[in-house]
Amino acid sequence: MPLPKRNKQPIPQNSQDDKILQKLNDIYENVQEAFELNGSEISNLNHNVKMLQDLVSNQNEAISALRTEISKLKACSENQYLIITALLSEINVILKTHLTPGLEKQKYKELFPIRTQEELEAVENEINNENVGLMIATIKSILGSGKLQSNFRELIDMPLLLEYNVFGLQGLKRLPNYEKFTGAIYRKFS
C-alpha cells in the first residue's frame, strides 16, 4: 500500500530544525519511492506466480493425458501379448505336426544302410508301435519306387546282406527273425 502524497513546502535553510525537517522530508520521499517500487514488484510477482500456476496446471493436465495414453498402450500390449502367445502356440502345434515327422524320418534315414549285426538288432529294437509308420516312410524313401531286389542294399550293406536269406538255408541267418524290421519292409509294398 503506497504512502499518501505530501505537499512539498519550501523549508528555510538556516536553522537546525529546518535541516532535520529537510532530512525527514527526504527520508519520506525515499520511503514513498520504495513502496511504489515494491508495489510494482509485487504486481510483477503476482503476475509471475499466476503464470507459474497456469504452467503447472497445464503440465498436470499433460501428465494426466500421458498416464491415460500409457494405460491404453499397456492394455493394447497385453492384448498383443495374448494374441502373439496364441499364435506361437498354434505355430508350435503346426511345426510338431508337420516338421517332427520329417525330422524323425531323417533320424531313421541315418540308420541305413545297416552295416553290422549290432546295427540290425538296434534297428529292430528301435521300431515300436509309435514309430513304425515313420520307419515304413523312411524305408519307402530309401527304396523309392524301384524293386526291392535292386535297392535292398540301400537298406542293408552287401557284406551283411550276404550273411542272411529269407529261410535261413545254406548256413545263413534267417532275416525274418527280425520281425519288426522285415514287417516294415513288407508293409512298404502293401
# chains A, B, ... in the order shown; residues from 1 in each chain; ligands from 1
$ closest_atom_pairs --of "region 106-158 of chain A" --to "region 174-187 of chain A" --cutoff "10 Å" --atoms "only C-alpha atoms" --output "Markdown table"
| residue | atom | partner | partner_atom | distance |
| --- | --- | --- | --- | --- |
| A:Leu120 | CA | A:Tyr178 | CA | 8.3 |
| A:Glu121 | CA | A:Tyr178 | CA | 7.8 |
| A:Val123 | CA | A:Phe181 | CA | 7.1 |
| A:Glu124 | CA | A:Phe181 | CA | 5.5 |
| A:Asn125 | CA | A:Lys180 | CA | 8.3 |
| A:Glu126 | CA | A:Lys180 | CA | 9.2 |
| A:Ile127 | CA | A:Lys180 | CA | 6.4 |
| A:Asn128 | CA | A:Lys180 | CA | 7.9 |
| A:Asn129 | CA | A:Lys180 | CA | 9.8 |
| A:Val132 | CA | A:Ala184 | CA | 7.0 |
| A:Gly133 | CA | A:Ala184 | CA | 8.3 |
| A:Leu134 | CA | A:Ala184 | CA | 9.7 |
| A:Met135 | CA | A:Ala184 | CA | 6.9 |
| A:Ile136 | CA | A:Ala184 | CA | 5.2 |
| A:Ala137 | CA | A:Ala184 | CA | 9.0 |
| A:Thr138 | CA | A:Ala184 | CA | 9.7 |
| A:Ile139 | CA | A:Ile185 | CA | 6.8 |
| A:Lys140 | CA | A:Ile185 | CA | 8.2 |
| A:Leu143 | CA | A:Ile185 | CA | 9.5 |
| A:Leu148 | CA | A:Ile185 | CA | 8.9 |
| A:Phe152 | CA | A:Ile185 | CA | 9.7 |
| A:Leu155 | CA | A:Ile185 | CA | 9.5 |
$ atom_distance --atom1 "CA of Ala122 (chain A)" --atom2 "CA of Lys109 (chain A)"
13.6 Å
$ atom_distance --atom1 "CA of Lys107 (chain A)" --atom2 "CA of Glu154 (chain A)"
15.7 Å
$ residues_around --residues "Leu161 (chain A)" --least-positions-apart "2" --cutoff "12 Å" --atoms "only C-alpha atoms" --output "mmCIF file with N, CA, C and O atoms, in the first residue's frame"
data_model
loop_
_atom_site.group_PDB
_atom_site.id
_atom_site.type_symbol
_atom_site.label_atom_id
_atom_site.label_comp_id
_atom_site.auth_asym_id
_atom_site.auth_seq_id
_atom_site.Cartn_x
_atom_site.Cartn_y
_atom_site.Cartn_z
ATOM 1 N N PRO A 113 22.530 -97.390 -44.713
ATOM 2 C CA PRO A 113 22.398 -98.841 -44.734
ATOM 3 C C PRO A 113 22.966 -99.467 -43.464
ATOM 4 O O PRO A 113 23.936 -98.967 -42.890
ATOM 5 N N ILE A 114 22.348 -100.557 -43.054
ATOM 6 C CA ILE A 114 22.782 -101.289 -41.859
ATOM 7 C C ILE A 114 24.040 -102.060 -42.238
ATOM 8 O O ILE A 114 24.051 -102.815 -43.213
ATOM 9 N N ARG A 115 25.110 -101.896 -41.445
ATOM 10 C CA ARG A 115 26.399 -102.497 -41.792
ATOM 11 C C ARG A 115 26.795 -103.676 -40.903
ATOM 12 O O ARG A 115 27.611 -104.492 -41.315
ATOM 13 N N THR A 116 26.254 -103.739 -39.688
ATOM 14 C CA THR A 116 26.670 -104.807 -38.769
ATOM 15 C C THR A 116 25.456 -105.475 -38.143
ATOM 16 O O THR A 116 24.342 -104.945 -38.189
ATOM 17 N N GLN A 117 25.705 -106.631 -37.552
ATOM 18 C CA GLN A 117 24.669 -107.378 -36.828
ATOM 19 C C GLN A 117 24.105 -106.516 -35.696
ATOM 20 O O GLN A 117 22.900 -106.498 -35.473
ATOM 21 N N LEU A 120 21.710 -103.967 -37.012
ATOM 22 C CA LEU A 120 20.438 -104.604 -37.372
ATOM 23 C C LEU A 120 19.593 -104.831 -36.126
ATOM 24 O O LEU A 120 18.392 -104.558 -36.116
ATOM 25 N N GLN A 149 14.572 -106.046 -54.844
ATOM 26 C CA GLN A 149 15.823 -106.752 -55.119
ATOM 27 C C GLN A 149 16.937 -105.786 -55.556
ATOM 28 O O GLN A 149 18.083 -105.945 -55.142
ATOM 29 N N ASN A 151 17.226 -102.535 -54.908
ATOM 30 C CA ASN A 151 17.549 -101.460 -53.957
ATOM 31 C C ASN A 151 17.743 -101.942 -52.515
ATOM 32 O O ASN A 151 17.961 -101.127 -51.634
ATOM 33 N N PHE A 152 17.700 -103.254 -52.299
ATOM 34 C CA PHE A 152 17.769 -103.775 -50.935
ATOM 35 C C PHE A 152 19.092 -103.424 -50.268
ATOM 36 O O PHE A 152 19.158 -103.228 -49.065
ATOM 37 N N ARG A 153 20.160 -103.329 -51.051
ATOM 38 C CA ARG A 153 21.470 -103.000 -50.463
ATOM 39 C C ARG A 153 21.521 -101.556 -49.943
ATOM 40 O O ARG A 153 22.463 -101.181 -49.266
ATOM 41 N N GLU A 154 20.501 -100.742 -50.274
ATOM 42 C CA GLU A 154 20.392 -99.407 -49.680
ATOM 43 C C GLU A 154 19.927 -99.502 -48.225
ATOM 44 O O GLU A 154 20.171 -98.597 -47.431
ATOM 45 N N LEU A 155 19.258 -100.629 -47.895
ATOM 46 C CA LEU A 155 18.817 -100.862 -46.517
ATOM 47 C C LEU A 155 19.878 -101.615 -45.719
ATOM 48 O O LEU A 155 20.158 -101.280 -44.570
ATOM 49 N N ILE A 156 20.421 -102.670 -46.323
ATOM 50 C CA ILE A 156 21.429 -103.496 -45.648
ATOM 51 C C ILE A 156 22.652 -103.541 -46.554
ATOM 52 O O ILE A 156 22.555 -103.887 -47.736
ATOM 53 N N ASP A 157 23.802 -103.221 -45.974
ATOM 54 C CA ASP A 157 25.058 -103.223 -46.714
ATOM 55 C C ASP A 157 25.351 -104.632 -47.247
ATOM 56 O O ASP A 157 25.032 -105.638 -46.600
ATOM 57 N N MET A 158 25.942 -104.734 -48.421
ATOM 58 C CA MET A 158 26.139 -106.002 -49.109
ATOM 59 C C MET A 158 26.867 -107.052 -48.261
ATOM 60 O O MET A 158 26.408 -108.198 -48.197
ATOM 61 N N PRO A 159 27.982 -106.748 -47.584
ATOM 62 C CA PRO A 159 28.641 -107.806 -46.792
ATOM 63 C C PRO A 159 27.715 -108.408 -45.719
ATOM 64 O O PRO A 159 27.705 -109.628 -45.513
ATOM 65 N N GLU A 163 25.181 -112.518 -45.396
ATOM 66 C CA GLU A 163 25.082 -113.431 -44.251
ATOM 67 C C GLU A 163 23.653 -113.891 -44.007
ATOM 68 O O GLU A 163 23.401 -114.734 -43.144
ATOM 69 N N TYR A 164 22.651 -113.354 -44.745
ATOM 70 C CA TYR A 164 21.246 -113.636 -44.494
ATOM 71 C C TYR A 164 20.554 -114.132 -45.770
ATOM 72 O O TYR A 164 20.981 -113.834 -46.884
ATOM 73 N N ASN A 165 19.449 -114.875 -45.533
ATOM 74 C CA ASN A 165 18.479 -115.136 -46.582
ATOM 75 C C ASN A 165 17.119 -115.276 -45.925
ATOM 76 O O ASN A 165 16.996 -115.193 -44.699
ATOM 77 N N VAL A 166 16.089 -115.474 -46.725
ATOM 78 C CA VAL A 166 14.731 -115.484 -46.187
ATOM 79 C C VAL A 166 14.484 -116.700 -45.309
ATOM 80 O O VAL A 166 13.855 -116.610 -44.254
ATOM 81 N N LEU A 172 23.114 -119.816 -43.640
ATOM 82 C CA LEU A 172 22.933 -118.367 -43.485
ATOM 83 C C LEU A 172 21.893 -118.077 -42.399
ATOM 84 O O LEU A 172 21.104 -118.942 -42.033
ATOM 85 N N LYS A 173 21.913 -116.881 -41.905
ATOM 86 C CA LYS A 173 20.955 -116.459 -40.866
ATOM 87 C C LYS A 173 19.625 -116.118 -41.518
ATOM 88 O O LYS A 173 19.574 -115.697 -42.678
ATOM 89 N N ARG A 174 18.562 -116.237 -40.736
ATOM 90 C CA ARG A 174 17.201 -116.002 -41.235
ATOM 91 C C ARG A 174 16.816 -114.538 -40.981
ATOM 92 O O ARG A 174 16.672 -114.113 -39.846
ATOM 93 N N LEU A 175 16.636 -113.752 -42.045
ATOM 94 C CA LEU A 175 16.289 -112.334 -41.930
ATOM 95 C C LEU A 175 14.914 -112.121 -41.301
ATOM 96 O O LEU A 175 14.745 -111.185 -40.511
#
$ select_by_dssp --residues "region 79-177 of chain A" --states "strand (DSSP E or B)" --output "compact mmCIF listing (two decimals) with N, CA, C and O atoms, in the first residue's frame"
# COMPACT_ATOMS: atom_id res chain seq x y z
N ILE A 114 22.35 -100.56 -43.05
CA ILE A 114 22.78 -101.29 -41.86
C ILE A 114 24.04 -102.06 -42.24
O ILE A 114 24.05 -102.81 -43.21
N ILE A 156 20.42 -102.67 -46.32
CA ILE A 156 21.43 -103.50 -45.65
C ILE A 156 22.65 -103.54 -46.55
O ILE A 156 22.55 -103.89 -47.74
N TYR A 164 22.65 -113.35 -44.74
CA TYR A 164 21.25 -113.64 -44.49
C TYR A 164 20.55 -114.13 -45.77
O TYR A 164 20.98 -113.83 -46.88
N ASN A 165 19.45 -114.87 -45.53
CA ASN A 165 18.48 -115.14 -46.58
C ASN A 165 17.12 -115.28 -45.93
O ASN A 165 17.00 -115.19 -44.70
N LYS A 173 21.91 -116.88 -41.91
CA LYS A 173 20.96 -116.46 -40.87
C LYS A 173 19.62 -116.12 -41.52
O LYS A 173 19.57 -115.70 -42.68
N ARG A 174 18.56 -116.24 -40.74
CA ARG A 174 17.20 -116.00 -41.24
C ARG A 174 16.82 -114.54 -40.98
O ARG A 174 16.67 -114.11 -39.85
$ select_by_dssp --residues "region 5-183 of chain A" --states "helix (DSSP H, G or I)" --output "PyMOL selection string"
chain A and resi 16-109+117-126+132-143+148-154+158-161+175-177+179-183
$ decode --residues "region 152-165 of chain A" --atoms "all heavy atoms" --output "compact mmCIF listing (two decimals), in the first residue's frame"
# COMPACT_ATOMS: atom_id res chain seq x y z
N PHE A 152 17.70 -103.25 -52.30
CA PHE A 152 17.77 -103.77 -50.93
C PHE A 152 19.09 -103.42 -50.27
O PHE A 152 19.16 -103.23 -49.07
CB PHE A 152 17.53 -105.29 -50.94
CG PHE A 152 17.09 -105.81 -49.61
CD1 PHE A 152 15.83 -105.52 -49.13
CD2 PHE A 152 17.93 -106.57 -48.82
CE1 PHE A 152 15.39 -105.98 -47.90
CE2 PHE A 152 17.51 -107.05 -47.59
CZ PHE A 152 16.24 -106.75 -47.13
N ARG A 153 20.16 -103.33 -51.05
CA ARG A 153 21.47 -103.00 -50.46
C ARG A 153 21.52 -101.56 -49.94
O ARG A 153 22.46 -101.18 -49.27
CB ARG A 153 22.60 -103.30 -51.44
CG ARG A 153 22.60 -102.49 -52.68
CD ARG A 153 23.78 -102.90 -53.59
NE ARG A 153 23.53 -102.49 -54.95
CZ ARG A 153 22.92 -103.22 -55.87
NH1 ARG A 153 22.52 -104.42 -55.58
NH2 ARG A 153 22.73 -102.74 -57.09
N GLU A 154 20.50 -100.74 -50.27
CA GLU A 154 20.39 -99.41 -49.68
C GLU A 154 19.93 -99.50 -48.23
O GLU A 154 20.17 -98.60 -47.43
CB GLU A 154 19.41 -98.53 -50.47
CG GLU A 154 19.78 -98.31 -51.92
CD GLU A 154 21.08 -97.54 -52.08
OE1 GLU A 154 21.34 -96.63 -51.27
OE2 GLU A 154 21.83 -97.85 -53.01
N LEU A 155 19.26 -100.63 -47.90
CA LEU A 155 18.82 -100.86 -46.52
C LEU A 155 19.88 -101.61 -45.72
O LEU A 155 20.16 -101.28 -44.57
CB LEU A 155 17.51 -101.65 -46.49
CG LEU A 155 16.28 -100.95 -47.02
CD1 LEU A 155 15.08 -101.88 -46.99
CD2 LEU A 155 15.98 -99.70 -46.21
N ILE A 156 20.42 -102.67 -46.32
CA ILE A 156 21.43 -103.50 -45.65
C ILE A 156 22.65 -103.54 -46.55
O ILE A 156 22.55 -103.89 -47.74
CB ILE A 156 20.90 -104.92 -45.38
CG1 ILE A 156 19.64 -104.87 -44.50
CG2 ILE A 156 21.97 -105.78 -44.73
CD1 ILE A 156 19.01 -106.21 -44.22
N ASP A 157 23.80 -103.22 -45.97
CA ASP A 157 25.06 -103.22 -46.71
C ASP A 157 25.35 -104.63 -47.25
O ASP A 157 25.03 -105.64 -46.60
CB ASP A 157 26.18 -102.74 -45.78
CG ASP A 157 27.40 -102.26 -46.52
OD1 ASP A 157 27.25 -101.75 -47.64
OD2 ASP A 157 28.50 -102.41 -45.97
N MET A 158 25.94 -104.73 -48.42
CA MET A 158 26.14 -106.00 -49.11
C MET A 158 26.87 -107.05 -48.26
O MET A 158 26.41 -108.20 -48.20
CB MET A 158 26.86 -105.78 -50.44
CG MET A 158 26.91 -107.02 -51.30
SD MET A 158 25.28 -107.74 -51.63
CE MET A 158 24.77 -106.78 -53.00
N PRO A 159 27.98 -106.75 -47.58
CA PRO A 159 28.64 -107.81 -46.79
C PRO A 159 27.71 -108.41 -45.72
O PRO A 159 27.71 -109.63 -45.51
CB PRO A 159 29.83 -107.09 -46.15
CG PRO A 159 30.13 -105.95 -47.06
CD PRO A 159 28.80 -105.54 -47.62
N LEU A 160 26.90 -107.58 -45.07
CA LEU A 160 25.97 -108.09 -44.07
C LEU A 160 24.83 -108.85 -44.76
O LEU A 160 24.39 -109.89 -44.28
CB LEU A 160 25.42 -106.95 -43.21
CG LEU A 160 24.47 -107.36 -42.08
CD1 LEU A 160 25.19 -108.25 -41.06
CD2 LEU A 160 23.90 -106.14 -41.41
N LEU A 161 24.38 -108.37 -45.88
CA LEU A 161 23.29 -108.99 -46.62
C LEU A 161 23.66 -110.41 -47.05
O LEU A 161 22.81 -111.30 -47.06
CB LEU A 161 22.93 -108.13 -47.83
CG LEU A 161 21.69 -108.52 -48.63
CD1 LEU A 161 20.44 -108.57 -47.75
CD2 LEU A 161 21.47 -107.56 -49.78
N LEU A 162 24.93 -110.62 -47.34
CA LEU A 162 25.38 -111.95 -47.76
C LEU A 162 25.33 -112.98 -46.63
O LEU A 162 25.40 -114.18 -46.88
CB LEU A 162 26.78 -111.87 -48.36
CG LEU A 162 26.89 -111.11 -49.69
CD1 LEU A 162 28.35 -110.97 -50.12
CD2 LEU A 162 26.05 -111.76 -50.77
N GLU A 163 25.18 -112.52 -45.40
CA GLU A 163 25.08 -113.43 -44.25
C GLU A 163 23.65 -113.89 -44.01
O GLU A 163 23.40 -114.73 -43.14
CB GLU A 163 25.61 -112.75 -42.99
CG GLU A 163 27.08 -112.38 -43.04
CD GLU A 163 27.52 -111.64 -41.79
OE1 GLU A 163 26.86 -111.76 -40.73
OE2 GLU A 163 28.54 -110.93 -41.86
N TYR A 164 22.65 -113.35 -44.74
CA TYR A 164 21.25 -113.64 -44.49
C TYR A 164 20.55 -114.13 -45.77
O TYR A 164 20.98 -113.83 -46.88
CB TYR A 164 20.52 -112.36 -44.02
CG TYR A 164 20.88 -111.97 -42.61
CD1 TYR A 164 21.95 -111.12 -42.37
CD2 TYR A 164 20.15 -112.46 -41.54
CE1 TYR A 164 22.28 -110.76 -41.08
CE2 TYR A 164 20.48 -112.10 -40.25
CZ TYR A 164 21.53 -111.25 -40.03
OH TYR A 164 21.87 -110.90 -38.75
N ASN A 165 19.45 -114.87 -45.53
CA ASN A 165 18.48 -115.14 -46.58
C ASN A 165 17.12 -115.28 -45.93
O ASN A 165 17.00 -115.19 -44.70
CB ASN A 165 18.86 -116.35 -47.45
CG ASN A 165 18.82 -117.67 -46.70
OD1 ASN A 165 18.11 -117.83 -45.72
ND2 ASN A 165 19.59 -118.64 -47.18
